[in-house]
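Engineer: Structure below; questions to follow.
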Amino acid sequence: EPHGLALAAATDSTVEITWLAPVDSVPSRYVVSFRETGAALFDSVGGTQSLEFVHDPARRTGQYEVTAVYDSARITSSETPGTTPIETGLLWVPELNGNGNTGYGWNRTTGEVTLYDMTVVDSAEQVDFYVTDFAPGFAGPFYSLASPYLGPSDPGGGVPAANWHITEFAYLDSAATENDPLPRYFQSRYTNSRTIDSLPILIAGHTEDGHFVLTHTVDVDTLQGIADVQTWFQLVPNLRLIEH
């Protein structure tokens with residue numbers, strides 16, 4: 001069967017699928033199929049005789065499979081890699097001066113989230129954003145999502161100088177929903193911090209290594225020093241599709 005299926009961004013909204021040929025046979029061609037996130041069945045999206053295929057999913061995310069076609073048989077890959085972003089449910093994230101670990105970071109293999117201690121230099125390679133009011137304490141009145149790169153100069157203090165990552169943020173268009181593709185990455189649009197200026201609020205993110213993320217902040221408690229944040233992380237670098 002076709003194996004070693006891998007996905008990459010052909011552009012920021014199209015997907016390149018690559019695979020390895022069956023070990024002991026030579027098919028006449030391959031058929032690539034796609035199952036949209038939330039759908040029950042795979043649908044064919046095209047055929048090729050090569051070991052790669054570019055698909056325009058029309059703003060959708062989902063899973064892919066590849067079928068080797070022979071004169072009298074069809075063998076489908078058991079691997080079905082996908083582009084559906086990894087969701088992390090609502091999580092209370094402490095403001096920089098709040099109680100607990102304040103640095104929010106995604107595992108690049110699984111999309112799993114961990115909160116890291118930003119007073120520790122070793123956390124610099126793991127943190128993708130933090131929440132801050134850019135002041136001592138956590139009284140607000142406004143919190144922001146901020147790039148870890150800003151940590152050492154944040155008036156809240158406590159973040160040591162280190163190789164902190166740069167993550168940039170952008171507000172979504174006024175008519176955008178949480179399932180629409182995120183804004184294209186331009187430095188003029190994505191900045192080192194964005195204020196949580198209304199609730200609930202959707203804010204796009206772009207990590208230093210090219211992963212697009214969507215954040216959904218539903219509540220901020222300036223008495224406790226916490227923000228309630230939900231996120232979706234796109235495992236495929238440079239792909240801004242976020243349908244979930």
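By order of appearance in the structure tokens: chains A, B, ..., then residues from 1 within every chain, and ligands from 1 in the order shown.
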Mind running region 109-212 of chain A against region 94-104 of chain A at 6 Å and telling me each contacting residue's nearest atom pair with the distance in Å (one decimal), counting only C-alpha atoms, chain and number ascending, as a tab-separated table?

Structural biologist:
residue	atom	partner	partner_atom	distance
A:Leu115	CA	A:Tyr104	CA	4.8
A:Tyr116	CA	A:Gly103	CA	4.7
A:Asp117	CA	A:Asn101	CA	4.5
A:Met118	CA	A:Gly103	CA	5.8
A:Val127	CA	A:Gly103	CA	5.2
A:Asp128	CA	A:Tyr104	CA	5.7
A:Phe129	CA	A:Tyr104	CA	5.4
A:Tyr130	CA	A:Gly103	CA	5.1
A:Val131	CA	A:Glu95	CA	4.9
A:Thr132	CA	A:Glu95	CA	5.1
A:Gly137	CA	A:Asn97	CA	5.4
A:Phe138	CA	A:Asn97	CA	5.9

Engineer: Taking into account only C-alpha atoms, which residue in the set A:Thr177, A:Gly225, A:Ala146, A:Arg108 is nearest to Trp164 (chain A)?

Structural biologist: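 Ranked by minimum distance to Trp164 (chain A), first place goes to A:Ala146.
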
Engineer: Which residue out of A:Tyr190, A:Trp19, A:Phe169, A:Phe134 has the minimum interatomic distance to Thr215 (chain A) when only C-alpha atoms are used?

Structural biologist: A:Phe169

Engineer: Based on the backbone DSSP call, show me all residues of region 130-212 of chain A assigned helix (DSSP H, G or I), as a list in words.

Structural biologist: Pro148, Tyr149, Leu150, Gly151, Pro152 and Ser153 of chain A

Engineer: If you measure from CA of Thr76 (chain A) to CA of Asp56 (chain A), what distance in Å do you get, rounded to one decimal?

Structural biologist: 21.1 Å

Engineer: Distance CA of Glu125 (chain A)-CA of Asp228 (chain A), one decimal place?

Structural biologist: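 CA of Asp228 (chain A) lies 23.5 Å from CA of Glu125 (chain A).
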
Engineer: Kindly give the distance, in Å, that separates CA of Ile203 (chain A) and CA of Pro148 (chain A), rounded to a single decimal.

Structural biologist: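 Distance between the two atoms: 16.2 Å.
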
Engineer: Hey, which bits of region 73-178 of chain A sit within 8 Å of region 238-242 of chain A, and for each residue what's the closest pair of atoms and how far apart in Å (one decimal), counting only C-alpha atoms, rows by chain and increasing number, as a tab-separated table?

Structural biologist:
residue	atom	partner	partner_atom	distance
A:Thr83	CA	A:Leu241	CA	7.7
A:Thr84	CA	A:Ile242	CA	6.9
A:Pro85	CA	A:Ile242	CA	6.0
A:Glu178	CA	A:Ile242	CA	7.7

Engineer: Nearest residue to Arg59 (chain A) out of A:Glu208, A:Asp122, A:Asp197, A:Asp12, using only C-alpha atoms?

Structural biologist: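 Closest to Arg59 (chain A), using only C-alpha atoms: A:Asp12.
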
Engineer: Hey, what does DSSP flag as strand (DSSP E) within region 84-211 of chain A? Can you give it to me as a VMD selection string?

Structural biologist: chain A and resid 86 to 94 103 to 106 113 to 116 130 to 132 144 to 146 168 to 171 193 to 195 201 to 206

Engineer: For C-alpha atoms, I'd like the residues from the last selection saved as a PDB file, in the first residue's frame.

Structural biologist:
ATOM      1  CA  ILE A  86      -5.546  20.605  17.500  1.00  0.00           C
ATOM      2  CA  GLU A  87      -7.983  22.108  19.975  1.00  0.00           C
ATOM      3  CA  THR A  88      -7.162  22.867  23.579  1.00  0.00           C
ATOM      4  CA  GLY A  89     -10.290  23.592  25.600  1.00  0.00           C
ATOM      5  CA  LEU A  90     -10.761  26.591  27.836  1.00  0.00           C
ATOM      6  CA  LEU A  91      -7.795  26.954  30.159  1.00  0.00           C
ATOM      7  CA  TRP A  92      -7.265  29.545  32.850  1.00  0.00           C
ATOM      8  CA  VAL A  93      -3.967  31.210  31.932  1.00  0.00           C
ATOM      9  CA  PRO A  94      -2.394  33.337  34.689  1.00  0.00           C
ATOM     10  CA  GLY A 103       3.902  30.711  29.537  1.00  0.00           C
ATOM     11  CA  TYR A 104       1.582  28.968  27.047  1.00  0.00           C
ATOM     12  CA  GLY A 105       3.307  26.600  24.602  1.00  0.00           C
ATOM     13  CA  TRP A 106       2.334  23.956  22.014  1.00  0.00           C
ATOM     14  CA  VAL A 113      -0.465  22.550  25.463  1.00  0.00           C
ATOM     15  CA  THR A 114       1.717  23.016  28.532  1.00  0.00           C
ATOM     16  CA  LEU A 115       2.034  26.052  30.791  1.00  0.00           C
ATOM     17  CA  TYR A 116       5.650  26.907  31.593  1.00  0.00           C
ATOM     18  CA  TYR A 130       1.710  34.824  27.579  1.00  0.00           C
ATOM     19  CA  VAL A 131      -0.986  37.091  29.021  1.00  0.00           C
ATOM     20  CA  THR A 132      -0.058  40.489  30.437  1.00  0.00           C
ATOM     21  CA  SER A 144      -3.121  41.366  26.081  1.00  0.00           C
ATOM     22  CA  LEU A 145      -1.794  38.284  24.344  1.00  0.00           C
ATOM     23  CA  ALA A 146       1.920  38.926  24.053  1.00  0.00           C
ATOM     24  CA  GLU A 168       2.770  37.692  16.430  1.00  0.00           C
ATOM     25  CA  PHE A 169      -0.961  38.343  16.578  1.00  0.00           C
ATOM     26  CA  ALA A 170      -3.704  39.756  14.361  1.00  0.00           C
ATOM     27  CA  TYR A 171      -7.351  40.588  14.826  1.00  0.00           C
ATOM     28  CA  SER A 193       0.836  41.847  21.104  1.00  0.00           C
ATOM     29  CA  ARG A 194      -2.895  42.364  20.757  1.00  0.00           C
ATOM     30  CA  THR A 195      -5.192  43.743  23.430  1.00  0.00           C
ATOM     31  CA  ILE A 201     -12.620  37.724  21.237  1.00  0.00           C
ATOM     32  CA  LEU A 202     -10.910  35.740  18.484  1.00  0.00           C
ATOM     33  CA  ILE A 203      -7.263  36.587  17.784  1.00  0.00           C
ATOM     34  CA  ALA A 204      -5.042  34.876  15.202  1.00  0.00           C
ATOM     35  CA  GLY A 205      -1.445  33.980  15.980  1.00  0.00           C
ATOM     36  CA  HIS A 206       1.651  33.140  13.950  1.00  0.00           C
TER      37      HIS A 206
END

Engineer: Leaving out Ser44 (chain A) and any residue of its chain fewer than 3 positions from it, which residues lie within 12 Å of it when counting only C-alpha atoms, given as a PDB file with N, CA, C and O atoms, in the first residue's frame?

Structural biologist:
ATOM      1  N   TYR A  30      -2.314   6.719  -8.906  1.00  0.00           N
ATOM      2  CA  TYR A  30      -2.782   6.900  -7.532  1.00  0.00           C
ATOM      3  C   TYR A  30      -3.994   7.828  -7.538  1.00  0.00           C
ATOM      4  O   TYR A  30      -4.091   8.748  -8.352  1.00  0.00           O
ATOM      5  N   VAL A  31      -4.894   7.578  -6.592  1.00  0.00           N
ATOM      6  CA  VAL A  31      -6.041   8.457  -6.388  1.00  0.00           C
ATOM      7  C   VAL A  31      -5.947   9.029  -4.970  1.00  0.00           C
ATOM      8  O   VAL A  31      -5.760   8.281  -4.005  1.00  0.00           O
ATOM      9  N   VAL A  32      -6.052  10.345  -4.873  1.00  0.00           N
ATOM     10  CA  VAL A  32      -6.006  11.022  -3.581  1.00  0.00           C
ATOM     11  C   VAL A  32      -7.437  11.364  -3.159  1.00  0.00           C
ATOM     12  O   VAL A  32      -8.219  11.887  -3.956  1.00  0.00           O
ATOM     13  N   SER A  33      -7.765  11.056  -1.900  1.00  0.00           N
ATOM     14  CA  SER A  33      -9.099  11.338  -1.380  1.00  0.00           C
ATOM     15  C   SER A  33      -8.996  12.199  -0.129  1.00  0.00           C
ATOM     16  O   SER A  33      -7.991  12.172   0.599  1.00  0.00           O
ATOM     17  N   PHE A  34     -10.068  12.953   0.116  1.00  0.00           N
ATOM     18  CA  PHE A  34     -10.106  13.934   1.208  1.00  0.00           C
ATOM     19  C   PHE A  34     -11.409  13.772   1.968  1.00  0.00           C
ATOM     20  O   PHE A  34     -12.475  13.609   1.371  1.00  0.00           O
ATOM     21  N   ARG A  35     -11.332  13.795   3.295  1.00  0.00           N
ATOM     22  CA  ARG A  35     -12.525  13.778   4.144  1.00  0.00           C
ATOM     23  C   ARG A  35     -12.532  15.054   4.977  1.00  0.00           C
ATOM     24  O   ARG A  35     -11.671  15.258   5.836  1.00  0.00           O
ATOM     25  N   GLU A  36     -13.495  15.918   4.710  1.00  0.00           N
ATOM     26  CA  GLU A  36     -13.566  17.177   5.431  1.00  0.00           C
ATOM     27  C   GLU A  36     -13.799  16.942   6.920  1.00  0.00           C
ATOM     28  O   GLU A  36     -14.479  15.989   7.315  1.00  0.00           O
ATOM     29  N   LEU A  41     -17.312  10.463   5.163  1.00  0.00           N
ATOM     30  CA  LEU A  41     -16.712   9.716   4.063  1.00  0.00           C
ATOM     31  C   LEU A  41     -15.617  10.500   3.354  1.00  0.00           C
ATOM     32  O   LEU A  41     -15.636  11.732   3.329  1.00  0.00           O
ATOM     33  N   GLY A  47      -6.264  12.427  -9.326  1.00  0.00           N
ATOM     34  CA  GLY A  47      -5.367  11.308  -9.563  1.00  0.00           C
ATOM     35  C   GLY A  47      -4.030  11.768 -10.107  1.00  0.00           C
ATOM     36  O   GLY A  47      -3.906  12.875 -10.631  1.00  0.00           O
ATOM     37  N   THR A  48      -3.027  10.924  -9.968  1.00  0.00           N
ATOM     38  CA  THR A  48      -1.698  11.257 -10.441  1.00  0.00           C
ATOM     39  C   THR A  48      -0.893   9.977 -10.611  1.00  0.00           C
ATOM     40  O   THR A  48      -1.192   8.947 -10.006  1.00  0.00           O
ATOM     41  N   HIS A  55      -3.516  19.813  -3.326  1.00  0.00           N
ATOM     42  CA  HIS A  55      -4.973  19.918  -3.204  1.00  0.00           C
ATOM     43  C   HIS A  55      -5.354  21.303  -2.682  1.00  0.00           C
ATOM     44  O   HIS A  55      -4.777  21.800  -1.712  1.00  0.00           O
ATOM     45  N   PRO A  57      -8.200  22.747  -0.761  1.00  0.00           N
ATOM     46  CA  PRO A  57      -9.367  22.269  -0.008  1.00  0.00           C
ATOM     47  C   PRO A  57     -10.485  23.299   0.110  1.00  0.00           C
ATOM     48  O   PRO A  57     -11.462  23.048   0.827  1.00  0.00           O
ATOM     49  N   GLN A  63      -8.828  15.112   6.506  1.00  0.00           N
ATOM     50  CA  GLN A  63      -7.854  14.023   6.404  1.00  0.00           C
ATOM     51  C   GLN A  63      -7.681  13.606   4.948  1.00  0.00           C
ATOM     52  O   GLN A  63      -8.583  13.777   4.118  1.00  0.00           O
ATOM     53  N   TYR A  64      -6.512  13.002   4.689  1.00  0.00           N
ATOM     54  CA  TYR A  64      -6.188  12.535   3.344  1.00  0.00           C
ATOM     55  C   TYR A  64      -5.837  11.050   3.367  1.00  0.00           C
ATOM     56  O   TYR A  64      -5.280  10.537   4.342  1.00  0.00           O
ATOM     57  N   GLU A  65      -6.178  10.361   2.270  1.00  0.00           N
ATOM     58  CA  GLU A  65      -5.722   8.995   2.046  1.00  0.00           C
ATOM     59  C   GLU A  65      -5.346   8.859   0.577  1.00  0.00           C
ATOM     60  O   GLU A  65      -5.801   9.637  -0.272  1.00  0.00           O
ATOM     61  N   VAL A  66      -4.498   7.879   0.280  1.00  0.00           N
ATOM     62  CA  VAL A  66      -4.022   7.648  -1.085  1.00  0.00           C
ATOM     63  C   VAL A  66      -4.275   6.194  -1.455  1.00  0.00           C
ATOM     64  O   VAL A  66      -3.952   5.280  -0.683  1.00  0.00           O
ATOM     65  N   THR A  67      -4.845   6.006  -2.628  1.00  0.00           N
ATOM     66  CA  THR A  67      -5.148   4.656  -3.112  1.00  0.00           C
ATOM     67  C   THR A  67      -4.284   4.341  -4.323  1.00  0.00           C
ATOM     68  O   THR A  67      -4.218   5.129  -5.277  1.00  0.00           O
ATOM     69  N   THR A  76      -5.666   0.945  -0.559  1.00  0.00           N
ATOM     70  CA  THR A  76      -5.691   2.267   0.063  1.00  0.00           C
ATOM     71  C   THR A  76      -4.767   2.321   1.276  1.00  0.00           C
ATOM     72  O   THR A  76      -4.665   1.350   2.040  1.00  0.00           O
TER      73      THR A  76
END

Engineer: Would you pick out the contacts of Glu243 (chain A) at 6 Å or less, using only C-alpha atoms, so that residues sharing its chain but fewer than 4 positions from it are not included, and give the list as a ChimeraX atom specification?

Structural biologist: /A:60-61,179

Engineer: Restricting the calculation to only C-alpha atoms, which member of A:Thr11, A:Ala135, A:Leu214, A:Val159 is positioned closest to Pro183 (chain A)?

Structural biologist: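 For Pro183 (chain A), the nearest of the candidates is A:Leu214.
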
Engineer: For each of A:Ala162, A:Val26, A:Ala40, A:Val54, take the minimum atom-to-atom distance to Asp71 (chain A), counting only C-alpha atoms, then give the residue where this is smallest.

Structural biologist: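 Selected residue with least distance to Asp71 (chain A): A:Val26.
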